[in-house]
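Chemist: Hey, dropping final-v7.txt in here, compact mmCIF, N, CA and C atoms:
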```txt
# COMPACT_ATOMS: atom_id res chain seq x y z
N MET S 1 81.32 103.59 43.40
CA MET S 1 81.61 104.20 44.68
C MET S 1 82.49 103.26 45.49
N GLU S 2 83.51 103.80 46.11
CA GLU S 2 84.45 103.00 46.89
C GLU S 2 84.25 103.28 48.37
N VAL S 3 84.20 102.21 49.15
CA VAL S 3 84.01 102.34 50.59
C VAL S 3 85.27 101.86 51.29
N SER S 4 85.75 102.66 52.19
CA SER S 4 86.96 102.31 52.91
C SER S 4 86.63 101.43 54.11
N SER S 5 87.48 100.46 54.36
CA SER S 5 87.26 99.58 55.49
C SER S 5 88.09 100.04 56.70
N PHE S 6 88.62 101.24 56.59
CA PHE S 6 89.45 101.77 57.67
C PHE S 6 88.58 102.09 58.89
N ARG S 7 89.03 101.60 60.03
CA ARG S 7 88.33 101.90 61.28
C ARG S 7 89.23 102.76 62.14
N LYS S 8 88.63 103.69 62.80
CA LYS S 8 89.38 104.55 63.69
C LYS S 8 89.96 103.69 64.82
N PRO S 9 91.25 103.80 65.07
CA PRO S 9 91.84 102.98 66.13
C PRO S 9 91.25 103.35 67.49
N THR S 10 90.97 102.33 68.27
CA THR S 10 90.43 102.56 69.60
C THR S 10 91.57 102.99 70.52
N ASN S 11 91.21 103.54 71.60
CA ASN S 11 92.20 104.03 72.54
C ASN S 11 92.62 102.89 73.47
N ARG S 12 93.30 101.90 72.91
CA ARG S 12 93.70 100.72 73.67
C ARG S 12 94.72 101.04 74.74
N ASP S 13 95.61 102.01 74.46
CA ASP S 13 96.62 102.37 75.46
C ASP S 13 95.96 102.86 76.74
N GLN S 14 94.93 103.67 76.58
CA GLN S 14 94.23 104.20 77.75
C GLN S 14 93.53 103.06 78.49
N ASP S 15 92.93 102.12 77.76
CA ASP S 15 92.27 100.97 78.38
C ASP S 15 93.27 100.12 79.16
N ILE S 16 94.43 99.91 78.58
CA ILE S 16 95.47 99.11 79.24
C ILE S 16 95.94 99.81 80.50
N LYS S 17 96.11 101.12 80.44
CA LYS S 17 96.55 101.87 81.62
C LYS S 17 95.51 101.80 82.74
N GLU S 18 94.25 101.93 82.38
CA GLU S 18 93.18 101.85 83.38
C GLU S 18 93.13 100.46 84.01
N ARG S 19 93.27 99.44 83.18
CA ARG S 19 93.27 98.06 83.69
C ARG S 19 94.46 97.82 84.63
N TYR S 20 95.61 98.36 84.27
CA TYR S 20 96.80 98.24 85.10
C TYR S 20 96.57 98.90 86.46
N LYS S 21 95.97 100.09 86.46
CA LYS S 21 95.70 100.79 87.70
C LYS S 21 94.74 100.00 88.59
N GLU S 22 93.70 99.40 87.99
CA GLU S 22 92.75 98.59 88.75
C GLU S 22 93.44 97.38 89.38
N ILE S 23 94.29 96.72 88.62
CA ILE S 23 95.01 95.54 89.12
C ILE S 23 95.95 95.95 90.25
N LYS S 24 96.62 97.08 90.09
CA LYS S 24 97.54 97.55 91.11
C LYS S 24 96.81 97.85 92.42
N VAL S 25 95.66 98.48 92.35
CA VAL S 25 94.86 98.78 93.55
C VAL S 25 94.42 97.48 94.21
N ARG S 26 93.96 96.52 93.41
CA ARG S 26 93.52 95.24 93.95
C ARG S 26 94.68 94.50 94.62
N ASN S 27 95.87 94.53 94.01
CA ASN S 27 97.04 93.87 94.59
C ASN S 27 97.44 94.53 95.91
N GLU S 28 97.35 95.85 95.99
CA GLU S 28 97.68 96.54 97.23
C GLU S 28 96.73 96.13 98.35
N ARG S 29 95.45 95.97 98.01
CA ARG S 29 94.48 95.51 99.02
C ARG S 29 94.83 94.11 99.50
N LEU S 30 95.18 93.23 98.57
CA LEU S 30 95.55 91.87 98.94
C LEU S 30 96.81 91.84 99.80
N LYS S 31 97.78 92.68 99.48
CA LYS S 31 99.00 92.75 100.28
C LYS S 31 98.67 93.18 101.71
N ALA S 32 97.80 94.18 101.83
CA ALA S 32 97.42 94.68 103.16
C ALA S 32 96.71 93.59 103.96
N GLN S 33 95.84 92.83 103.30
CA GLN S 33 95.14 91.73 103.99
C GLN S 33 96.12 90.65 104.43
N ALA S 34 97.05 90.30 103.56
CA ALA S 34 98.03 89.26 103.90
C ALA S 34 98.92 89.73 105.05
N TYR S 35 99.31 90.99 105.05
CA TYR S 35 100.16 91.50 106.12
C TYR S 35 99.39 91.55 107.44
N ALA S 36 98.11 91.89 107.38
CA ALA S 36 97.29 91.91 108.60
C ALA S 36 97.19 90.50 109.19
N GLN S 37 97.05 89.50 108.32
CA GLN S 37 97.00 88.12 108.80
C GLN S 37 98.35 87.71 109.39
N TYR S 38 99.43 88.16 108.78
CA TYR S 38 100.78 87.86 109.29
C TYR S 38 100.96 88.44 110.69
N LEU S 39 100.49 89.67 110.89
CA LEU S 39 100.65 90.32 112.18
C LEU S 39 99.83 89.62 113.28
N LYS S 40 98.76 88.92 112.89
CA LYS S 40 97.94 88.21 113.87
C LYS S 40 98.59 86.91 114.33
N LEU S 41 99.60 86.45 113.60
CA LEU S 41 100.28 85.21 113.98
C LEU S 41 101.10 85.42 115.25
N THR S 42 101.34 84.35 115.95
CA THR S 42 102.22 84.42 117.11
C THR S 42 103.65 84.67 116.63
N PRO S 43 104.50 85.24 117.49
CA PRO S 43 105.89 85.50 117.07
C PRO S 43 106.61 84.25 116.57
N THR S 44 106.34 83.10 117.19
CA THR S 44 106.99 81.86 116.75
C THR S 44 106.58 81.52 115.32
N ASN S 45 105.29 81.63 115.03
CA ASN S 45 104.81 81.33 113.67
C ASN S 45 105.30 82.37 112.67
N GLN S 46 105.43 83.63 113.10
CA GLN S 46 105.98 84.66 112.22
C GLN S 46 107.41 84.30 111.83
N THR S 47 108.19 83.85 112.81
CA THR S 47 109.58 83.48 112.55
C THR S 47 109.64 82.30 111.60
N ARG S 48 108.80 81.30 111.81
CA ARG S 48 108.79 80.14 110.91
C ARG S 48 108.44 80.54 109.49
N LEU S 49 107.47 81.43 109.37
CA LEU S 49 107.06 81.87 108.04
C LEU S 49 108.19 82.63 107.36
N MET S 50 108.87 83.50 108.07
CA MET S 50 109.96 84.27 107.47
C MET S 50 111.17 83.40 107.15
N LEU S 51 111.38 82.34 107.90
CA LEU S 51 112.48 81.43 107.59
C LEU S 51 112.24 80.72 106.25
N ALA S 52 110.98 80.56 105.89
CA ALA S 52 110.66 79.89 104.63
C ALA S 52 110.63 80.86 103.45
N PHE S 53 110.84 82.16 103.70
CA PHE S 53 110.77 83.16 102.64
C PHE S 53 112.13 83.35 102.00
N ASP S 54 112.19 83.21 100.69
CA ASP S 54 113.43 83.41 99.94
C ASP S 54 113.47 84.85 99.44
N ILE S 55 114.31 85.67 100.07
CA ILE S 55 114.37 87.09 99.72
C ILE S 55 114.87 87.29 98.29
N LYS S 56 115.78 86.45 97.85
CA LYS S 56 116.36 86.59 96.52
C LYS S 56 115.29 86.46 95.43
N ASP S 57 114.42 85.44 95.56
CA ASP S 57 113.37 85.23 94.57
C ASP S 57 112.07 85.92 94.94
N GLY S 58 111.94 86.33 96.19
CA GLY S 58 110.71 86.98 96.63
C GLY S 58 109.55 86.01 96.72
N LYS S 59 109.85 84.76 97.07
CA LYS S 59 108.82 83.73 97.12
C LYS S 59 108.98 82.89 98.38
N LEU S 60 107.89 82.28 98.80
CA LEU S 60 107.97 81.32 99.90
C LEU S 60 108.46 80.00 99.36
N GLN S 61 109.36 79.39 100.08
CA GLN S 61 109.85 78.06 99.71
C GLN S 61 108.97 77.04 100.43
N MET S 62 108.15 76.37 99.68
CA MET S 62 107.23 75.42 100.28
C MET S 62 107.83 74.02 100.22
N SER S 63 107.75 73.33 101.33
CA SER S 63 108.19 71.95 101.36
C SER S 63 107.14 71.13 102.07
N PHE S 64 106.95 69.93 101.63
CA PHE S 64 105.95 69.06 102.20
C PHE S 64 106.62 67.79 102.69
N ILE S 65 106.27 67.42 103.90
CA ILE S 65 106.84 66.22 104.48
C ILE S 65 106.04 65.02 103.99
N LYS S 66 106.74 64.05 103.45
CA LYS S 66 106.07 62.82 102.97
C LYS S 66 106.12 61.78 104.07
N PRO S 67 105.00 61.15 104.35
CA PRO S 67 105.01 60.11 105.37
C PRO S 67 105.81 58.89 104.88
N ILE S 68 106.52 58.28 105.80
CA ILE S 68 107.29 57.09 105.47
C ILE S 68 106.34 55.91 105.55
N ALA S 69 106.24 55.18 104.46
CA ALA S 69 105.31 54.04 104.41
C ALA S 69 106.00 52.76 104.72
```
What would the structure in this file look like if it were written as structure tokens?

Modeler:
Amino acid sequence: MEVSSFRKPTNRDQDIKERYKEIKVRNERLKAQAYAQYLKLTPTNQTRLMLAFDIKDGKLQMSFIKPIA
């Protein structure tokens, strides 16, 4: 008697799609929280934050001042 080792393929595509949707919802919540915090900043701090934002790369340009020893 011969036994096949074939397993029915799982529905991985559906799992990946569901996981993607969950991540997208979570990211939208985080964006909303970050924007709410941005709106709570004073206009001067909002301007400083936007001056550090690189629109081309879509990232904040962080720089740190080193103390002179």

Chemist: Report the distance between CA of Lys40 in chain S and atom N of Lys59 in chain S in Å, rounded to one decimal place.

Modeler: 20.9 Å

Chemist: Enclose the full set of atoms of range 12-31 of chain S listed in the file within a box whose edges lie along x, y and z, apply 5 Å of padding to each of the six sides, and report centre and edge lengths in Å to one decimal as lines of an AutoDock Vina configuration file.

Modeler:
```
center_x = 95.6
center_y = 98.0
center_z = 87.3
size_x = 16.7
size_y = 22.4
size_z = 38.8
```

Chemist: Would you mind reading off the distance between atom C of Lys21 in chain S and atom N of Leu39 in chain S, one decimal, in Å?

Modeler: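 Value for the atom C of Lys21 in chain S-atom N of Leu39 in chain S distance: 25.2 Å.
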
Chemist: Please compute the CA of Lys24 in chain S-CA of Thr47 in chain S distance, one decimal, in Å.

Modeler: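 Going from CA of Lys24 in chain S over to CA of Thr47 in chain S covers 28.3 Å.
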